[in-house]
Amino acid sequence: MTDPMETEEAQALREAVRALLTRRSGPEAVRAAMDSPLGYDDKLWSTLCEQIGVAALAIPEHYGGAGAGLAEACVVLQELGRTLTPAPMLGSAVLCGEALLRTGNDEACERLLPGIAAGTSIAALAWSGVDGQWTPALTASDTGLDGRAHYVLDGDIADVLFAVARTADGVGLFEVPVDAVRRERVTSLDPTRRLAVVEFASVPARRLDTEGFERPLRRLRDTAVTAVAAEQVGAAARALELTVEYTKQRHQFGRPIGSFQALKHRMADVHVLVEAARSALYAAIVDGDAEAVTTAEVVCGEAFSHAAAEMVQLHGGIAITWEHDAHLYFKRAHGTALLFGDPVAASGA
């Protein structure tokens with residue numbers, strides 16, 4: 001079967017995104033973006049959406065999208081992960097777009113998805129408690145939604161807010177007025193990923209799902225995990241590239257350190273892990289079953305963590321300085337590994 005991320009269309013998409021990010025999302029631009037009030041470069045995001053249509057990829061055409069799919073979105077996420085570019089792609093375009101589509105609510109989709117697809121509306125999804133798992137942290141009653149949701153991607157700046165909450169008949173997805181909740185950005189390990197805590201106190205909300213959201217929530221988690229795996233593959237591959245480049249430049253004992261056999265073996269081990277992660281991501285996209293997704297979550301997470309750790313080790317002392325990007329890859333690796341909950345706990349093992 002042809003890899004959906006290696007078709008002619010996917011390769012053209014990859015080249016377009018990479019070319020734009022190479023020009024406008026270098027290390028200095030990434031640092032400026034993560035320190036900005038929004039936590040990302042809104043002009044770069046607008047260009048990605050207007051010229052390439054990244055936010056529209058996984059949204060059907062009749063809702064203003066491009067009618068592509070998860071594979072194409074993962075191509076973009078790989079490139080964003082490669083450069084650690086802060087962007088609302090994961091939280092708004094993928095997570096919230098998928099959540100809305102799975103409600104089966106045509107009216108809500110027609111009203112909200114065009115803005116998400118265009119990138120002009122930034123959406124956020126509140127679902128998790130402090131443990132990071134996919135058990136809803138919020139409860140719904142006649143008086144509204146109550147509770148405290150953690151790790152909400154772009155939650156403090158979003159202009160559209162969705163919430164997953166326990167109800168009397170199971171689990172539901174709700175649309176919540178952003179001015180009715182208390183939103184606070186939190187300091188996280190990964191400065192390139194904007195997270196917030198959102199507090200609900202008898203907040204009025206509009207239920208969107210038509211037949212319950214418990215099963216769609218499981219499928220939504222699979223989509224979210226696969227999307228993060230794509231980021232991890234791109235970032236791990238880039239961490240290896242940068243490490244190899246550095247070992248060719250740094251000399252000791254009159255020769256590049258990359259020529260030492262022990263270091264060659266270490267970088268070869270990382271290469272094997274990155275290729276295994278690519279295969280696991282492919283299986284998660286093509287098969288889409290829970291086992292393949294959990295495997296991708298574990299394999300891609302471990303590959304990125306190992307690649308980032310070796311990047312720090314092989315760069316030596318400069319890698320732990322604020323001025324060097326190795327520590328940003330290291331922090332992203334550990335932040336994303338648990339972003340959507342512990343994979344072992346999620347699998348029920």
# chains A, B, ... in the order shown; residues from 1 in each chain; ligands from 1
>>> residues_around(residues="Gly212 in chain A", least_positions_apart="5", cutoff="7 Å", atoms="only C-alpha atoms", output="compact mmCIF listing (two decimals) with N, CA and C atoms, in the first residue's frame")
# COMPACT_ATOMS: atom_id res chain seq x y z
N GLY A 170 -24.14 10.05 30.10
CA GLY A 170 -22.84 9.65 29.56
C GLY A 170 -21.89 10.82 29.44
N VAL A 171 -21.47 11.09 28.21
CA VAL A 171 -20.50 12.16 27.94
C VAL A 171 -21.04 13.01 26.80
N GLY A 172 -20.86 14.33 26.92
CA GLY A 172 -21.32 15.23 25.88
C GLY A 172 -20.26 16.24 25.50
>>> residues_around(residues="Ser46 in chain A", least_positions_apart="6", cutoff="9 Å", atoms="only C-alpha atoms", output="PyMOL selection string")
chain A and resi 118-120
>>> write_last_selection(atoms="C-alpha atoms", output="compact mmCIF listing (two decimals), in the first residue's frame")
# COMPACT_ATOMS: atom_id res chain seq x y z
CA ALA A 118 -9.68 29.45 7.33
CA GLY A 119 -7.55 29.87 10.45
CA THR A 120 -9.42 33.04 11.37
>>> select_by_dssp(residues="range 46-217 of chain A", states="strand (DSSP E or B)", output="CSV table (one decimal) with all heavy atoms, in the first residue's frame")
chain,number,residue,atom,x,y,z
A,123,ALA,N,-9.9,27.7,17.9
A,123,ALA,CA,-10.7,27.0,18.8
A,123,ALA,C,-9.9,26.2,19.8
A,123,ALA,O,-8.7,25.8,19.5
A,123,ALA,CB,-11.6,26.0,18.0
A,124,ALA,N,-10.5,25.9,21.0
A,124,ALA,CA,-9.8,25.2,22.0
A,124,ALA,C,-10.8,24.2,22.6
A,124,ALA,O,-12.0,24.4,22.6
A,124,ALA,CB,-9.3,26.1,23.1
A,125,LEU,N,-10.2,23.0,23.1
A,125,LEU,CA,-11.0,22.0,23.6
A,125,LEU,C,-10.6,21.7,25.1
A,125,LEU,O,-9.4,21.4,25.3
A,125,LEU,CB,-10.9,20.7,22.8
A,125,LEU,CG,-11.6,19.5,23.3
A,125,LEU,CD1,-13.1,19.7,23.2
A,125,LEU,CD2,-11.2,18.2,22.6
A,126,ALA,N,-11.5,21.8,26.0
A,126,ALA,CA,-11.3,21.6,27.4
A,126,ALA,C,-11.8,20.2,27.7
A,126,ALA,O,-13.0,19.9,27.5
A,126,ALA,CB,-12.0,22.6,28.3
A,128,SER,N,-9.6,17.6,30.0
A,128,SER,CA,-8.8,16.8,31.0
A,128,SER,C,-8.7,17.4,32.3
A,128,SER,O,-8.6,18.6,32.5
A,128,SER,CB,-7.4,16.6,30.4
A,128,SER,OG,-6.6,15.9,31.3
A,138,LEU,N,-14.9,17.8,33.6
A,138,LEU,CA,-16.1,18.7,33.9
A,138,LEU,C,-17.4,17.9,34.0
A,138,LEU,O,-17.5,16.7,33.5
A,138,LEU,CB,-16.2,19.6,32.7
A,138,LEU,CG,-14.9,20.4,32.3
A,138,LEU,CD1,-15.2,21.2,31.1
A,138,LEU,CD2,-14.5,21.3,33.5
A,139,THR,N,-18.3,18.5,34.7
A,139,THR,CA,-19.6,17.8,34.8
A,139,THR,C,-20.7,18.8,34.3
A,139,THR,O,-20.6,20.0,34.5
A,139,THR,CB,-19.9,17.5,36.3
A,139,THR,OG1,-19.8,18.6,37.1
A,139,THR,CG2,-19.0,16.4,36.8
A,140,ALA,N,-21.7,18.3,33.7
A,140,ALA,CA,-22.8,19.1,33.2
A,140,ALA,C,-24.1,18.8,34.0
A,140,ALA,O,-24.4,17.7,34.3
A,140,ALA,CB,-23.1,18.8,31.7
A,141,SER,N,-24.8,19.9,34.3
A,141,SER,CA,-26.1,19.7,35.1
A,141,SER,C,-27.0,20.8,34.5
A,141,SER,O,-26.7,21.5,33.6
A,141,SER,CB,-25.8,19.9,36.6
A,141,SER,OG,-25.4,21.2,36.8
A,144,GLY,N,-25.5,24.2,34.4
A,144,GLY,CA,-24.4,24.5,33.5
A,144,GLY,C,-23.2,23.6,33.7
A,144,GLY,O,-23.4,22.5,34.3
A,145,LEU,N,-22.1,24.0,33.3
A,145,LEU,CA,-20.9,23.2,33.4
A,145,LEU,C,-20.0,23.6,34.6
A,145,LEU,O,-19.9,24.8,34.9
A,145,LEU,CB,-20.0,23.3,32.2
A,145,LEU,CG,-20.6,22.9,30.8
A,145,LEU,CD1,-19.5,22.9,29.8
A,145,LEU,CD2,-21.2,21.5,30.9
A,146,ASP,N,-19.5,22.6,35.3
A,146,ASP,CA,-18.7,22.9,36.5
A,146,ASP,C,-17.4,22.1,36.4
A,146,ASP,O,-17.4,21.0,35.9
A,146,ASP,CB,-19.4,22.6,37.8
A,146,ASP,CG,-20.6,23.5,38.0
A,146,ASP,OD1,-20.3,24.6,38.6
A,146,ASP,OD2,-21.7,23.1,37.7
A,147,GLY,N,-16.3,22.6,37.0
A,147,GLY,CA,-15.1,21.9,37.0
A,147,GLY,C,-13.9,22.7,36.6
A,147,GLY,O,-14.0,23.9,36.3
A,148,ARG,N,-12.7,22.1,36.5
A,148,ARG,CA,-11.5,22.8,36.1
A,148,ARG,C,-10.8,21.9,35.1
A,148,ARG,O,-10.4,20.7,35.4
A,148,ARG,CB,-10.7,23.0,37.4
A,148,ARG,CG,-9.3,23.7,37.2
A,148,ARG,CD,-8.6,23.8,38.6
A,148,ARG,NE,-7.3,24.3,38.5
A,148,ARG,CZ,-7.0,25.6,38.7
A,148,ARG,NH1,-8.0,26.4,39.0
A,148,ARG,NH2,-5.8,26.0,38.6
A,149,ALA,N,-10.6,22.4,33.9
A,149,ALA,CA,-9.9,21.7,32.9
A,149,ALA,C,-8.4,22.1,32.7
A,149,ALA,O,-8.2,23.3,32.7
A,149,ALA,CB,-10.6,21.8,31.6
A,150,HIS,N,-7.5,21.2,32.6
A,150,HIS,CA,-6.1,21.4,32.5
A,150,HIS,C,-5.6,21.2,31.1
A,150,HIS,O,-6.3,20.5,30.3
A,150,HIS,CB,-5.3,20.6,33.5
A,150,HIS,CG,-5.6,21.0,34.9
A,150,HIS,ND1,-4.7,21.7,35.7
A,150,HIS,CD2,-6.6,20.7,35.7
A,150,HIS,CE1,-5.2,21.9,36.9
A,150,HIS,NE2,-6.4,21.2,37.0
A,151,TYR,N,-4.4,21.7,30.8
A,151,TYR,CA,-3.7,21.4,29.5
A,151,TYR,C,-4.6,21.7,28.3
A,151,TYR,O,-4.5,21.0,27.3
A,151,TYR,CB,-3.3,19.9,29.5
A,151,TYR,CG,-2.8,19.4,30.8
A,151,TYR,CD1,-3.4,18.3,31.5
A,151,TYR,CD2,-1.6,19.9,31.4
A,151,TYR,CE1,-3.0,17.9,32.7
A,151,TYR,CE2,-1.2,19.5,32.6
A,151,TYR,CZ,-1.8,18.4,33.2
A,151,TYR,OH,-1.4,18.0,34.5
A,152,VAL,N,-5.3,22.8,28.4
A,152,VAL,CA,-6.1,23.2,27.2
A,152,VAL,C,-5.2,24.0,26.2
A,152,VAL,O,-4.7,25.1,26.5
A,152,VAL,CB,-7.3,24.1,27.7
A,152,VAL,CG1,-8.2,24.5,26.5
A,152,VAL,CG2,-8.1,23.4,28.8
A,153,LEU,N,-5.0,23.4,25.1
A,153,LEU,CA,-4.2,24.0,24.0
A,153,LEU,C,-4.7,25.3,23.6
A,153,LEU,O,-5.9,25.4,23.1
A,153,LEU,CB,-4.1,23.0,22.8
A,153,LEU,CG,-3.3,21.7,23.1
A,153,LEU,CD1,-3.6,20.7,22.0
A,153,LEU,CD2,-1.9,21.9,23.2
A,160,VAL,N,-13.2,30.4,20.2
A,160,VAL,CA,-14.2,29.4,20.2
A,160,VAL,C,-13.8,28.3,21.3
A,160,VAL,O,-12.6,27.9,21.2
A,160,VAL,CB,-14.4,28.7,18.9
A,160,VAL,CG1,-15.4,27.6,18.9
A,160,VAL,CG2,-14.8,29.8,17.8
A,161,LEU,N,-14.7,28.0,22.2
A,161,LEU,CA,-14.3,27.0,23.2
A,161,LEU,C,-15.3,25.9,23.3
A,161,LEU,O,-16.5,26.1,23.3
A,161,LEU,CB,-14.3,27.7,24.6
A,161,LEU,CG,-13.9,26.9,25.8
A,161,LEU,CD1,-12.5,26.3,25.7
A,161,LEU,CD2,-14.1,27.7,27.1
A,162,PHE,N,-14.8,24.7,23.2
A,162,PHE,CA,-15.6,23.4,23.4
A,162,PHE,C,-15.1,22.8,24.7
A,162,PHE,O,-14.0,22.9,25.1
A,162,PHE,CB,-15.3,22.5,22.2
A,162,PHE,CG,-15.6,23.1,20.8
A,162,PHE,CD1,-14.7,23.1,19.9
A,162,PHE,CD2,-16.9,23.5,20.5
A,162,PHE,CE1,-14.9,23.7,18.6
A,162,PHE,CE2,-17.2,24.1,19.3
A,162,PHE,CZ,-16.2,24.1,18.3
A,163,ALA,N,-16.1,22.0,25.2
A,163,ALA,CA,-15.8,21.3,26.5
A,163,ALA,C,-16.4,20.0,26.5
A,163,ALA,O,-17.6,19.8,26.1
A,163,ALA,CB,-16.3,22.1,27.7
A,164,VAL,N,-15.7,19.0,26.9
A,164,VAL,CA,-16.2,17.6,27.1
A,164,VAL,C,-16.6,17.5,28.6
A,164,VAL,O,-15.8,17.8,29.4
A,164,VAL,CB,-15.1,16.6,26.7
A,164,VAL,CG1,-15.7,15.2,27.0
A,164,VAL,CG2,-14.7,16.7,25.3
A,165,ALA,N,-17.8,17.0,28.8
A,165,ALA,CA,-18.3,17.0,30.2
A,165,ALA,C,-19.1,15.7,30.4
A,165,ALA,O,-19.8,15.2,29.5
A,165,ALA,CB,-19.1,18.2,30.5
A,166,ARG,N,-19.1,15.2,31.7
A,166,ARG,CA,-19.9,14.1,32.0
A,166,ARG,C,-21.3,14.6,32.2
A,166,ARG,O,-21.6,15.7,32.7
A,166,ARG,CB,-19.4,13.5,33.4
A,166,ARG,CG,-18.0,12.9,33.3
A,166,ARG,CD,-17.7,12.1,34.6
A,166,ARG,NE,-17.8,13.0,35.8
A,166,ARG,CZ,-16.8,13.7,36.2
A,166,ARG,NH1,-15.7,13.8,35.5
A,166,ARG,NH2,-16.9,14.5,37.3
A,167,THR,N,-22.3,13.8,31.7
A,167,THR,CA,-23.7,14.2,31.8
A,167,THR,C,-24.5,13.0,32.5
A,167,THR,O,-23.9,12.0,32.8
A,167,THR,CB,-24.3,14.4,30.4
A,167,THR,OG1,-24.3,13.2,29.7
A,167,THR,CG2,-23.4,15.4,29.6
A,170,GLY,N,-24.1,10.0,30.1
A,170,GLY,CA,-22.8,9.7,29.6
A,170,GLY,C,-21.9,10.8,29.4
A,170,GLY,O,-21.6,11.5,30.4
A,171,VAL,N,-21.5,11.1,28.2
A,171,VAL,CA,-20.5,12.2,27.9
A,171,VAL,C,-21.0,13.0,26.8
A,171,VAL,O,-21.6,12.5,25.8
A,171,VAL,CB,-19.1,11.6,27.6
A,171,VAL,CG1,-18.2,12.7,27.2
A,171,VAL,CG2,-18.5,10.8,28.7
A,172,GLY,N,-20.9,14.3,26.9
A,172,GLY,CA,-21.3,15.2,25.9
A,172,GLY,C,-20.3,16.2,25.5
A,172,GLY,O,-19.3,16.5,26.2
A,173,LEU,N,-20.4,16.8,24.3
A,173,LEU,CA,-19.5,17.9,23.9
A,173,LEU,C,-20.4,19.2,23.8
A,173,LEU,O,-21.5,19.2,23.3
A,173,LEU,CB,-19.0,17.6,22.5
A,173,LEU,CG,-18.0,18.7,21.9
A,173,LEU,CD1,-16.7,18.7,22.7
A,173,LEU,CD2,-17.8,18.6,20.4
A,174,PHE,N,-19.8,20.2,24.4
A,174,PHE,CA,-20.6,21.5,24.6
A,174,PHE,C,-19.8,22.7,24.0
A,174,PHE,O,-18.6,22.7,24.0
A,174,PHE,CB,-20.8,21.8,26.1
A,174,PHE,CG,-21.7,20.7,26.8
A,174,PHE,CD1,-21.1,19.5,27.2
A,174,PHE,CD2,-23.0,21.0,27.0
A,174,PHE,CE1,-21.9,18.6,27.9
A,174,PHE,CE2,-23.8,20.0,27.6
A,174,PHE,CZ,-23.2,18.8,28.0
A,175,GLU,N,-20.6,23.6,23.5
A,175,GLU,CA,-20.0,24.9,23.1
A,175,GLU,C,-20.2,25.9,24.2
A,175,GLU,O,-21.3,26.0,24.8
A,175,GLU,CB,-20.7,25.4,21.8
A,175,GLU,CG,-20.2,26.7,21.3
A,175,GLU,CD,-20.9,27.2,20.1
A,175,GLU,OE1,-21.9,26.5,19.6
A,175,GLU,OE2,-20.6,28.3,19.6
A,176,VAL,N,-19.1,26.6,24.6
A,176,VAL,CA,-19.1,27.4,25.8
A,176,VAL,C,-18.8,28.8,25.4
A,176,VAL,O,-17.8,29.1,24.7
A,176,VAL,CB,-18.1,26.9,26.8
A,176,VAL,CG1,-18.2,27.7,28.1
A,176,VAL,CG2,-18.4,25.4,27.1
A,182,ARG,N,-13.2,31.3,33.4
A,182,ARG,CA,-12.0,31.9,33.8
A,182,ARG,C,-10.8,31.1,33.1
A,182,ARG,O,-10.7,29.9,33.3
A,182,ARG,CB,-11.8,31.9,35.3
A,182,ARG,CG,-10.6,32.5,35.9
A,182,ARG,CD,-10.6,32.6,37.4
A,182,ARG,NE,-9.4,33.2,37.9
A,182,ARG,CZ,-8.2,32.6,38.2
A,182,ARG,NH1,-8.2,31.2,37.9
A,182,ARG,NH2,-7.2,33.2,38.6
A,183,ARG,N,-10.0,31.9,32.4
A,183,ARG,CA,-8.9,31.2,31.6
A,183,ARG,C,-7.6,31.8,32.0
A,183,ARG,O,-7.4,33.0,32.2
A,183,ARG,CB,-9.1,31.4,30.1
A,183,ARG,CG,-10.5,31.0,29.6
A,183,ARG,CD,-10.6,31.1,28.1
A,183,ARG,NE,-10.7,32.5,27.6
A,183,ARG,CZ,-10.6,32.8,26.3
A,183,ARG,NH1,-10.4,31.9,25.4
A,183,ARG,NH2,-10.7,34.1,26.0
A,184,GLU,N,-6.6,30.9,32.2
A,184,GLU,CA,-5.3,31.4,32.7
A,184,GLU,C,-4.2,30.6,32.0
A,184,GLU,O,-4.2,29.3,32.1
A,184,GLU,CB,-5.2,31.2,34.2
A,184,GLU,CG,-3.9,31.7,34.8
A,184,GLU,CD,-3.8,31.5,36.3
A,184,GLU,OE1,-4.8,31.0,36.9
A,184,GLU,OE2,-2.7,31.8,36.9
A,185,ARG,N,-3.3,31.2,31.4
A,185,ARG,CA,-2.2,30.6,30.8
A,185,ARG,C,-1.3,30.0,31.9
A,185,ARG,O,-1.1,30.7,32.9
A,185,ARG,CB,-1.4,31.5,29.9
A,185,ARG,CG,-0.2,30.8,29.2
A,185,ARG,CD,0.6,31.8,28.4
A,185,ARG,NE,1.7,31.1,27.6
A,185,ARG,CZ,2.5,31.7,26.8
A,185,ARG,NH1,2.4,33.0,26.6
A,185,ARG,NH2,3.5,31.0,26.2
A,186,VAL,N,-0.7,28.9,31.7
A,186,VAL,CA,0.1,28.3,32.7
A,186,VAL,C,1.5,28.1,32.2
A,186,VAL,O,1.7,27.9,31.0
A,186,VAL,CB,-0.4,26.9,33.2
A,186,VAL,CG1,-1.7,27.1,34.0
A,186,VAL,CG2,-0.5,25.9,32.1
A,195,LEU,N,-0.4,26.3,26.8
A,195,LEU,CA,-1.4,25.6,27.6
A,195,LEU,C,-2.1,26.5,28.6
A,195,LEU,O,-1.5,27.5,29.1
A,195,LEU,CB,-0.8,24.4,28.3
A,195,LEU,CG,0.0,23.3,27.5
A,195,LEU,CD1,0.6,22.3,28.4
A,195,LEU,CD2,-1.0,22.7,26.5
A,196,ALA,N,-3.3,26.2,28.9
A,196,ALA,CA,-4.1,27.0,29.9
A,196,ALA,C,-4.9,26.1,30.8
A,196,ALA,O,-5.2,25.0,30.4
A,196,ALA,CB,-5.0,28.0,29.1
A,197,VAL,N,-5.3,26.7,31.9
A,197,VAL,CA,-6.3,26.1,32.8
A,197,VAL,C,-7.6,26.9,32.6
A,197,VAL,O,-7.6,28.1,32.6
A,197,VAL,CB,-5.8,26.1,34.2
A,197,VAL,CG1,-7.0,25.7,35.2
A,197,VAL,CG2,-4.6,25.2,34.4
A,198,VAL,N,-8.7,26.2,32.4
A,198,VAL,CA,-10.0,26.8,32.2
A,198,VAL,C,-10.9,26.4,33.4
A,198,VAL,O,-11.1,25.2,33.6
A,198,VAL,CB,-10.6,26.5,30.9
A,198,VAL,CG1,-11.9,27.3,30.7
A,198,VAL,CG2,-9.6,26.9,29.8
A,199,GLU,N,-11.5,27.3,34.1
A,199,GLU,CA,-12.4,27.0,35.2
A,199,GLU,C,-13.8,27.3,34.8
A,199,GLU,O,-14.1,28.4,34.3
A,199,GLU,CB,-12.0,27.9,36.4
A,199,GLU,CG,-10.6,27.5,37.0
A,199,GLU,CD,-10.3,28.2,38.3
A,199,GLU,OE1,-11.3,28.8,38.9
A,199,GLU,OE2,-9.2,28.1,38.8
A,200,PHE,N,-14.7,26.4,35.2
A,200,PHE,CA,-16.1,26.5,34.9
A,200,PHE,C,-16.9,26.5,36.2
A,200,PHE,O,-16.7,25.7,37.1
A,200,PHE,CB,-16.6,25.3,34.1
A,200,PHE,CG,-15.9,25.2,32.7
A,200,PHE,CD1,-14.6,24.7,32.6
A,200,PHE,CD2,-16.6,25.4,31.6
A,200,PHE,CE1,-14.0,24.6,31.4
A,200,PHE,CE2,-16.1,25.3,30.3
A,200,PHE,CZ,-14.7,24.9,30.2
A,201,ALA,N,-17.8,27.5,36.4
A,201,ALA,CA,-18.6,27.6,37.6
A,201,ALA,C,-20.1,27.9,37.1
A,201,ALA,O,-20.4,29.0,36.8
A,201,ALA,CB,-18.1,28.7,38.5
A,202,SER,N,-20.9,26.8,37.0
A,202,SER,CA,-22.2,26.9,36.5
A,202,SER,C,-22.3,27.7,35.2
A,202,SER,O,-23.1,28.6,35.0
A,202,SER,CB,-23.1,27.5,37.6
A,202,SER,OG,-23.1,26.7,38.7
A,203,VAL,N,-21.4,27.3,34.3
A,203,VAL,CA,-21.3,28.1,33.0
A,203,VAL,C,-22.4,27.6,32.0
A,203,VAL,O,-22.5,26.4,31.8
A,203,VAL,CB,-19.9,27.9,32.4
A,203,VAL,CG1,-19.8,28.5,31.0
A,203,VAL,CG2,-18.9,28.5,33.3
A,206,ARG,N,-24.0,25.0,25.4
A,206,ARG,CA,-24.9,24.5,24.4
A,206,ARG,C,-24.4,23.1,24.0
A,206,ARG,O,-23.3,23.0,23.5
A,206,ARG,CB,-25.0,25.4,23.2
A,206,ARG,CG,-25.8,24.8,22.0
A,206,ARG,CD,-25.8,25.8,20.8
A,206,ARG,NE,-26.6,25.4,19.7
A,206,ARG,CZ,-26.7,26.0,18.6
A,206,ARG,NH1,-26.0,27.1,18.4
A,206,ARG,NH2,-27.4,25.5,17.6
A,207,ARG,N,-25.2,22.1,24.2
A,207,ARG,CA,-24.7,20.7,23.8
A,207,ARG,C,-24.7,20.5,22.3
A,207,ARG,O,-25.7,20.9,21.6
A,207,ARG,CB,-25.6,19.7,24.5
A,207,ARG,CG,-25.0,18.2,24.3
A,207,ARG,CD,-25.6,17.3,25.3
A,207,ARG,NE,-25.0,15.9,25.1
A,207,ARG,CZ,-25.2,14.9,25.9
A,207,ARG,NH1,-26.1,15.0,26.9
A,207,ARG,NH2,-24.7,13.7,25.6
>>> residues_around(residues="Gly234 in chain A", least_positions_apart="5", cutoff="8 Å", atoms="only C-alpha atoms", output="list of chain:residue names")
A:Leu77, A:Gln78, A:Glu79, A:Leu80, A:Gly81, A:Arg82
>>> select_by_dssp(residues="range 70-294 of chain A", states="alpha helix (DSSP H)", output="JSON, numbers by chain")
{"A": [70, 71, 72, 73, 74, 75, 76, 77, 78, 79, 80, 81, 82, 83, 97, 98, 99, 100, 101, 106, 107, 108, 109, 110, 111, 112, 113, 114, 115, 116, 117, 118, 214, 215, 216, 217, 218, 219, 220, 221, 222, 223, 224, 225, 226, 227, 228, 229, 230, 231, 232, 233, 234, 235, 236, 237, 238, 239, 240, 241, 242, 243, 244, 245, 246, 247, 248, 249, 261, 262, 263, 264, 265, 266, 267, 268, 269, 270, 271, 272, 273, 274, 275, 276, 277, 278, 279, 280, 281, 282, 283, 284, 285, 286, 290, 291, 292, 293, 294]}
>>> residues_around(residues="Tyr329 in chain A", least_positions_apart="3", cutoff="6 Å", atoms="only C-alpha atoms", output="PDB file with C-alpha atoms, in the first residue's frame")
ATOM      1  CA  ALA A 308      16.570  14.807  21.996  1.00  0.00           C
ATOM      2  CA  ALA A 326      18.872  21.492  21.837  1.00  0.00           C
ATOM      3  CA  ARG A 332       9.251  19.471  23.566  1.00  0.00           C
TER       4      ARG A 332
END
>>> closest_residue(among="A:Leu217, A:Thr187, A:Gly67, A:Glu72", to="Cys96 in chain A", atoms="only C-alpha atoms")
A:Leu217
>>> atom_distance(atom1="CA of Asp190 in chain A", atom2="CA of Lys331 in chain A")
5.0 Å
>>> residues_around(residues="Ala236 in chain A", least_positions_apart="3", cutoff="6 Å", atoms="only C-alpha atoms", output="tab-separated table (two decimals) with N, CA and C atoms, in the first residue's frame")
chain	number	residue	atom	x	y	z
A	232	GLN	N	6.20	14.41	16.62
A	232	GLN	CA	7.37	13.79	17.23
A	232	GLN	C	8.32	13.22	16.19
A	233	VAL	N	7.78	12.62	15.15
A	233	VAL	CA	8.62	12.07	14.09
A	233	VAL	C	9.41	13.19	13.41
A	239	ALA	N	16.19	16.66	15.03
A	239	ALA	CA	17.18	16.60	16.11
A	239	ALA	C	18.38	15.76	15.69
A	304	PHE	N	11.57	10.24	19.89
A	304	PHE	CA	11.86	11.67	20.04
A	304	PHE	C	12.61	11.93	21.34
A	307	ALA	N	16.18	10.80	20.78
A	307	ALA	CA	16.88	11.68	19.85
A	307	ALA	C	17.24	13.01	20.52
>>> closest_residue(among="A:Asp42, A:Leu113, A:Val54, A:Tyr63", to="Val76 in chain A", atoms="only C-alpha atoms")
A:Val54
>>> closest_residue(among="A:His334, A:Lys43, A:Arg266, A:Arg255", to="Arg24 in chain A", atoms="only C-alpha atoms")
A:Lys43
>>> atom_distance(atom1="CA of Ala224 in chain A", atom2="CA of Leu90 in chain A")
7.8 Å
>>> closest_residue(among="A:Gln313, A:Ala230, A:Phe213, A:Gln133", to="Ser279 in chain A", atoms="only C-alpha atoms")
A:Ala230
>>> closest_residue(among="A:Pro216, A:Pro86, A:Pro256, A:Gly317", to="Gly104 in chain A", atoms="only C-alpha atoms")
A:Pro216
